[in-house]
Structure formats: structure tokens, C-alpha cells
Amino acid sequence: MNTANLGFITYIIGNLSRRLGISQKETYKKLQSSGILSGYIVPCYDVLHSFSKEYLMDDLTQYMKEKGVLK
């Protein structure tokens, strides 16, 4: 992981936590425990970082629901 990846992950966690109305710590835990962070966000950084914030939040929220970490 490099600085760009880390900055992107921080951006994702901050925006997603606001979208979900939960803490950044809780958002991180959900992404980490579900495998979304290490299995999707990090390896797909090159593609994901080119999408809009709105698209990313919609995509990740839907994926979290599919993984069972959100209702």
C-alpha cells in the first residue's frame, strides 16, 4: 500500500461514515471485517479512484448490503 492508497481509503471511510451516520471507526471495522477493504477497495484502487464520490458511496453501500454488514 502506498500514500495514494492510504489517502483514498481515508477519503472513503470519512465519506462513507457520513453517508451511513456511523463513526469512522465503525465504518473501518465493517469494511475490514467484511473483506471489502482488502478484497475490493485496495486492489481496485486504480479504477475506483476515478469515479465520483456519489458513485463510490452508492457502490460501497450496496456492496456492504450484499456482504451482510448493512441492512
# chains A, B, ... in the order shown; residues from 1 in each chain; ligands from 1

$ select_by_dssp --residues "chain A" --states "helix (DSSP H, G or I)" --output "short mmCIF file (atom, residue, chain, number, x, y, z; two decimals) with C-alpha atoms, in the first residue's frame"
data_model
loop_
_atom_site.label_atom_id
_atom_site.label_comp_id
_atom_site.auth_asym_id
_atom_site.auth_seq_id
_atom_site.Cartn_x
_atom_site.Cartn_y
_atom_site.Cartn_z
CA THR A 3 0.40 7.02 0.22
CA ALA A 4 -2.18 7.39 -2.56
CA ASN A 5 -3.96 4.22 -1.44
CA LEU A 6 -3.94 5.35 2.17
CA GLY A 7 -5.32 8.77 1.27
CA PHE A 8 -8.06 7.16 -0.80
CA ILE A 9 -9.00 4.77 2.00
CA THR A 10 -9.21 7.69 4.43
CA TYR A 11 -11.40 9.57 1.94
CA ILE A 12 -13.68 6.53 1.53
CA ILE A 13 -14.03 5.94 5.27
CA GLY A 14 -14.75 9.59 6.04
CA ASN A 15 -17.39 9.99 3.35
CA LEU A 16 -18.96 6.60 3.93
CA SER A 17 -19.24 7.20 7.67
CA ARG A 18 -21.10 10.46 7.00
CA ARG A 19 -23.36 8.71 4.49
CA LEU A 20 -24.16 5.90 6.95
CA GLN A 24 -15.30 6.36 11.11
CA LYS A 25 -14.03 3.66 13.45
CA GLU A 26 -17.21 1.63 12.97
CA THR A 27 -17.08 2.16 9.20
CA TYR A 28 -13.48 0.92 9.12
CA LYS A 29 -14.42 -2.15 11.19
CA LYS A 30 -17.27 -3.01 8.82
CA LEU A 31 -15.10 -2.64 5.73
CA GLN A 32 -12.25 -4.61 7.29
CA SER A 33 -14.31 -7.47 8.76
CA SER A 34 -16.32 -7.97 5.56
CA ILE A 36 -14.31 -5.15 1.33
CA LEU A 37 -11.25 -3.11 2.28
CA SER A 38 -8.58 -5.67 1.45
CA GLY A 39 -10.53 -7.55 -1.22
CA TYR A 40 -12.09 -4.70 -3.16
CA ILE A 41 -11.05 -1.16 -2.26
CA TYR A 45 -7.84 1.47 -6.34
CA ASP A 46 -6.70 2.23 -9.90
CA VAL A 47 -10.28 2.03 -11.18
CA LEU A 48 -12.22 3.18 -8.10
CA LYS A 53 -17.84 10.43 -4.68
CA GLU A 54 -21.56 9.80 -5.18
CA TYR A 55 -20.92 6.72 -7.31
CA LEU A 56 -18.40 5.35 -4.81
CA MET A 57 -20.72 5.82 -1.85
CA ASP A 58 -23.62 4.17 -3.69
CA ASP A 59 -21.40 1.30 -4.84
CA LEU A 60 -19.88 0.66 -1.43
CA THR A 61 -23.19 0.94 0.39
CA GLN A 62 -24.72 -1.61 -1.96
CA TYR A 63 -21.72 -3.93 -1.64
CA MET A 64 -21.88 -3.70 2.16
CA LYS A 65 -25.54 -4.73 2.00
CA GLU A 66 -24.65 -7.68 -0.25
CA LYS A 67 -21.95 -8.74 2.21
#
